[in-house]
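For reference, start_1.txt (compact mmCIF, C-alpha atoms):
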# COMPACT_ATOMS: atom_id res chain seq x y z
CA MET F 1 88.17 37.12 114.09
CA LEU F 2 88.81 38.93 110.81
CA ASP F 3 92.24 40.52 110.38
CA THR F 4 92.13 43.49 108.00
CA ARG F 5 95.80 44.40 108.21
CA GLY F 6 97.84 44.15 105.05
CA ASP F 7 100.24 41.27 104.46
CA ALA F 8 103.29 43.12 105.85
CA LEU F 9 101.59 44.15 109.11
CA ARG F 10 99.97 40.76 109.52
CA THR F 11 103.33 39.00 109.03
CA ALA F 12 105.08 41.26 111.54
CA LEU F 13 102.58 40.48 114.30
CA PRO F 14 100.46 37.45 113.39
CA LEU F 15 97.15 36.64 115.04
CA MET F 16 96.99 32.87 114.89
CA GLY F 17 93.48 31.62 114.21
CA SER F 18 92.30 34.84 112.60
CA THR F 19 91.19 35.08 108.97
CA ALA F 20 92.73 37.62 106.59
CA VAL F 21 90.30 39.82 104.71
CA THR F 22 90.25 43.11 102.79
CA TRP F 23 87.28 45.40 102.29
CA GLN F 24 87.97 45.35 98.55
CA GLU F 25 86.81 41.72 98.44
CA PHE F 26 83.26 43.00 98.97
CA SER F 27 83.48 46.03 96.70
CA VAL F 28 83.09 46.85 93.02
CA PRO F 29 86.63 46.88 91.58
CA ASP F 30 86.12 49.13 88.56
CA LEU F 31 84.93 52.63 87.73
CA PRO F 32 82.40 54.18 87.69
CA ASN F 33 81.19 52.32 90.83
CA LYS F 34 84.61 51.48 92.24
CA SER F 35 84.57 50.87 96.02
CA GLN F 36 80.80 50.56 96.28
CA LEU F 37 79.51 47.51 98.11
CA LEU F 38 78.77 44.65 95.71
CA SER F 39 75.07 44.35 94.90
CA ASP F 40 74.99 40.55 94.43
CA ASP F 41 73.78 39.24 97.79
CA ALA F 42 74.33 35.60 96.80
CA LEU F 43 77.97 36.34 95.95
CA LEU F 44 78.44 38.26 99.21
CA THR F 45 76.85 35.40 101.16
CA ASP F 46 79.28 32.95 99.54
CA LYS F 47 82.28 35.18 100.29
CA LEU F 48 81.31 35.65 103.94
CA ARG F 49 80.57 31.96 104.46
CA ALA F 50 83.97 31.10 102.96
CA LEU F 51 85.52 33.27 105.70
CA GLY F 52 83.63 31.33 108.36
CA VAL F 53 81.08 34.05 109.14
CA SER F 54 78.03 32.56 110.87
CA ALA F 55 74.79 34.23 111.87
CA ALA F 56 74.91 33.49 115.61
CA VAL F 57 78.66 34.01 116.09
CA PRO F 58 80.00 37.50 116.83
CA VAL F 59 82.61 38.76 114.39
CA VAL F 60 85.55 40.70 115.82
CA VAL F 61 87.43 42.75 113.26
CA VAL F 62 90.99 43.85 113.98
CA ALA F 63 93.35 46.28 112.29
CA ASP F 64 96.28 48.51 113.13
CA PRO F 65 94.36 51.80 113.44
CA ALA F 66 97.45 53.93 114.07
CA ASN F 67 98.91 52.81 110.71
CA SER F 68 95.91 52.00 108.54
CA TRP F 69 93.03 53.58 106.68
CA GLY F 70 90.05 52.38 108.69
CA GLU F 71 89.79 48.97 107.09
CA ASP F 72 88.33 47.50 110.28
CA GLY F 73 85.56 50.09 110.31
CA ARG F 74 84.80 49.41 106.66
CA ILE F 75 84.46 45.67 107.30
CA VAL F 76 82.22 46.24 110.36
CA TRP F 77 80.09 48.63 108.30
CA THR F 78 79.88 46.03 105.53
CA LEU F 79 78.82 43.28 107.92
CA ARG F 80 76.20 45.44 109.64
CA THR F 81 74.87 46.69 106.31
CA LEU F 82 74.53 43.08 105.17
CA GLY F 83 72.64 42.13 108.32
CA HIS F 84 75.28 40.83 110.75
CA SER F 85 74.53 42.94 113.83
CA GLN F 86 77.12 41.21 116.01
CA SER F 87 80.17 42.71 114.32
CA PHE F 88 82.69 44.74 116.27
CA LEU F 89 86.08 46.39 115.91
CA VAL F 90 88.79 46.43 118.55
CA ASN F 91 89.50 49.89 119.99
CA GLY F 92 93.26 50.17 119.69
CA GLY F 93 93.48 47.36 117.17
CA VAL F 94 95.91 44.48 117.32
CA ALA F 95 98.20 46.19 119.86
CA ALA F 96 95.34 46.56 122.35
CA LEU F 97 94.13 43.06 121.65
CA LEU F 98 97.52 41.52 122.37
CA ALA F 99 98.34 43.65 125.42
CA GLY F 100 98.33 41.75 128.69
CA ASP F 101 97.23 38.14 128.85
CA ASP F 102 97.81 35.60 126.13
CA LEU F 103 95.12 35.59 123.49
CA SER F 104 93.70 32.40 122.09
CA VAL F 105 91.80 32.76 118.83
CA THR F 106 89.94 29.78 117.50
CA ALA F 107 89.78 29.56 113.72
CA PRO F 108 86.19 29.70 112.43
CA VAL F 109 84.24 26.74 111.18
CA VAL F 110 84.23 26.96 107.39
CA PRO F 111 81.91 27.37 105.71
CA GLY F 112 79.91 29.64 107.95
CA ASP F 113 76.12 29.82 107.76
CA PHE F 114 75.52 33.57 107.45
CA THR F 115 73.05 34.71 104.79
CA VAL F 116 73.01 38.33 103.67
CA ALA F 117 69.83 40.20 104.70
CA ARG F 118 70.57 43.85 103.95
CA THR F 119 69.42 46.58 106.26
CA GLY F 120 69.08 50.21 105.25
CA ALA F 121 70.19 51.45 108.67
CA PHE F 122 73.86 51.96 107.76
CA GLU F 123 73.83 53.48 104.28
CA ILE F 124 72.07 56.18 102.34
CA GLY F 125 71.40 56.55 98.65
CA LYS F 126 72.28 59.58 96.56
CA LYS F 127 68.65 60.70 96.19
CA ASP F 128 67.94 60.44 99.94
CA LEU F 129 71.16 62.27 100.79
CA ALA F 130 70.34 65.06 98.32
CA SER F 131 67.00 65.60 100.06
CA LEU F 132 68.79 66.15 103.38
CA ILE F 133 71.30 68.77 102.20
CA GLY F 134 70.67 72.06 103.94
CA GLN F 135 68.23 70.67 106.49
CA PRO F 136 68.83 72.45 109.83
CA ASP F 137 68.66 69.25 111.89
CA VAL F 138 71.07 67.26 109.69
CA VAL F 139 74.86 67.18 109.89
CA ILE F 140 76.74 65.51 107.06
CA LEU F 141 80.31 64.46 107.89
CA ASP F 142 83.05 63.69 105.40
CA THR F 143 85.76 61.65 107.13
CA ARG F 144 88.13 61.20 104.21
CA GLU F 145 91.57 62.74 103.81
CA PRO F 146 91.67 66.56 103.68
CA ARG F 147 92.86 66.47 100.06
CA GLU F 148 89.87 64.35 99.06
CA TYR F 149 87.47 66.71 100.83
CA ALA F 150 89.15 69.59 98.98
CA GLY F 151 88.54 67.96 95.59
CA ALA F 152 91.50 65.70 94.83
CA SER F 153 90.78 62.16 93.65
CA PRO F 154 93.99 60.29 94.52
CA TYR F 155 92.37 56.85 94.53
CA GLY F 156 90.68 56.97 91.14
CA GLU F 157 87.36 58.39 92.27
CA THR F 158 85.07 59.32 89.39
CA ARG F 159 84.57 62.79 90.83
CA GLY F 160 86.40 64.86 93.43
CA GLY F 161 85.05 67.07 96.17
CA HIS F 162 82.46 66.63 98.88
CA VAL F 163 78.72 66.77 99.43
CA PRO F 164 77.59 70.43 99.59
CA GLY F 165 77.48 71.57 103.20
CA ALA F 166 79.38 68.55 104.53
CA LYS F 167 81.69 69.20 107.47
CA HIS F 168 85.17 67.73 107.37
CA VAL F 169 86.37 65.54 110.23
CA TYR F 170 89.31 63.40 109.14
CA PHE F 171 88.85 60.06 110.90
CA LYS F 172 92.55 59.80 111.79
CA ASP F 173 92.24 62.99 113.84
CA LEU F 174 89.95 61.03 116.17
CA VAL F 175 92.53 58.29 116.80
CA GLY F 176 95.51 58.62 119.14
CA GLU F 177 99.04 57.38 118.54
CA ASP F 178 98.08 54.17 120.35
CA GLY F 179 95.34 53.52 117.78
CA LYS F 180 92.54 54.07 120.29
CA VAL F 181 89.66 56.47 119.81
CA LEU F 182 90.45 59.71 121.66
CA GLN F 183 88.64 60.23 124.97
CA GLY F 184 87.24 63.41 126.50

Just give me the structure as structure tokens.
Amino acid sequence: MLDTRGDALRTALPLMGSTAVTWQEFSVPDLPNKSQLLSDDALLTDKLRALGVSAAVPVVVVADPANSWGEDGRIVWTLRTLGHSQSFLVNGGVAALLAGDDLSVTAPVVPGDFTVARTGAFEIGKKDLASLIGQPDVVILDTREPREYAGASPYGETRGGHVPGAKHVYFKDLVGEDGKVLQG
């Protein structure tokens, strides 16, 4: 189990046996490619193994979706992009996970044995995306904050705005107060 909550949230409601992680650990830290997934597969393999990620063991990623920025989704996307198809997030996050019966989380065996084997199924390059703009059977969604979609770059992005023709659906508008994905 990977816990993507920040230190303060993790301290307030600890998940014993889980492993703390941030999506930034797998991302380029500096401009102009800040936030892009690291390209060094050997480095990524080492980082994931150090967390106890193994090829045949499902990875459950938990966050506090009502009070976070989608860190759990970013980690699941990262894992799936890097070839770990058994990666999941908890609908409702830590609150849903801890509701009801006691939860026993076993710490992972470290190091894990996962080896990065990228798949193109979960990402698209700039050139491929550009070829899809304006296609009648393609919908491009931008799930960032409204101000980012409108052109602001509050997090140091190299360039503001959105892909031409992209529709805006702020991801937090799809999550209820309980942190669960809205139904119906």

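Considering only C-alpha atoms, the residue among F:Ala150, F:Ala96, F:Leu129, F:Ala42 positioned nearest to Ala66 of chain F is F:Ala96.
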
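You will find atom CA of Val53 of chain F at 17.0 Å from atom CA of Met16 of chain F.
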
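The space separating atom CA of Ser153 of chain F from atom CA of Leu43 of chain F comes to 28.9 Å.
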
Expressed in Å, the length from atom CA of Leu31 of chain F to atom CA of Ala117 of chain F is 25.9 Å

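Ranking F:Ala12, F:Arg118, F:Leu2, F:Trp77 by their shortest atom-to-atom distance to Asp40 of chain F, with all atoms listed in the file included, puts F:Arg118 first.
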
Selection: 9 Å around segment 132-136 of chain F, all atoms listed in the file, excl. self and same-chain fewer than 2 positions, as a PDB file with C-alpha atoms, in the frame of the given file:
ATOM      1  CA  ASP F 128      67.940  60.440  99.940  1.00  0.00           C
ATOM      2  CA  LEU F 129      71.160  62.270 100.790  1.00  0.00           C
ATOM      3  CA  ALA F 130      70.340  65.060  98.320  1.00  0.00           C
ATOM      4  CA  VAL F 138      71.070  67.260 109.690  1.00  0.00           C
ATOM      5  CA  VAL F 139      74.860  67.180 109.890  1.00  0.00           C
ATOM      6  CA  ILE F 140      76.740  65.510 107.060  1.00  0.00           C
ATOM      7  CA  VAL F 163      78.720  66.770  99.430  1.00  0.00           C
ATOM      8  CA  PRO F 164      77.590  70.430  99.590  1.00  0.00           C
ATOM      9  CA  GLY F 165      77.480  71.570 103.200  1.00  0.00           C
ATOM     10  CA  ALA F 166      79.380  68.550 104.530  1.00  0.00           C
TER      11      ALA F 166
END

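Distances from F:Thr19, F:Thr81, F:Ser54, F:Thr4 to Gly93 of chain F were compared using all atoms listed in the file, and the smallest one belongs to F:Thr4.
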
For Asp7 of chain F, the closest of F:Ala63, F:Val28, F:Ile124, F:Leu182 counting all atoms listed in the file is F:Ala63

Asp64 of chain F proximity check over F:Ala152, F:Leu141, F:Ala95, F:Leu37, using all atoms listed in the file: winner is F:Ala95

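The smallest atom-to-atom distance between Phe114 of chain F and any of F:Ala99, F:Val181, F:Val61, F:Ala50, using only C-alpha atoms, is found for F:Ala50.
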
Segment 47-66 of chain F, all listed atoms, 3 Å padding on each side: what axis-aligned box centre and edge lengths in Å to one decimal come out, as JSON?
{"center_x": 86.1, "center_y": 42.5, "center_z": 108.6, "size_x": 28.7, "size_y": 28.8, "size_z": 22.5}

- Query: Residues at most 10 Å from segment 69-74 of chain F, counting only C-alpha atoms, excluding those fewer than 3 positions away in the same chain, as an MDAnalysis selection string?
  - Reply: chainID F and resid 2:6 21:24 60:66 77:80 87:90 93 144:145 171:172

Taking (89.3, 57.7, 90.5) in the coordinates of the supplied file, I want to know which residues reach to within 10 Å of it, counting only C-alpha atoms; could you give the answer as a PyMOL selection string?
chain F and resi 30-35+152-160

Neighbours of Ala55 of chain F within 12 Å (all atoms listed in the file; same-chain residues fewer than 5 positions away dropped), as a ChimeraX atom specification?
/F:45,48-49,79-80,82-87,111-117
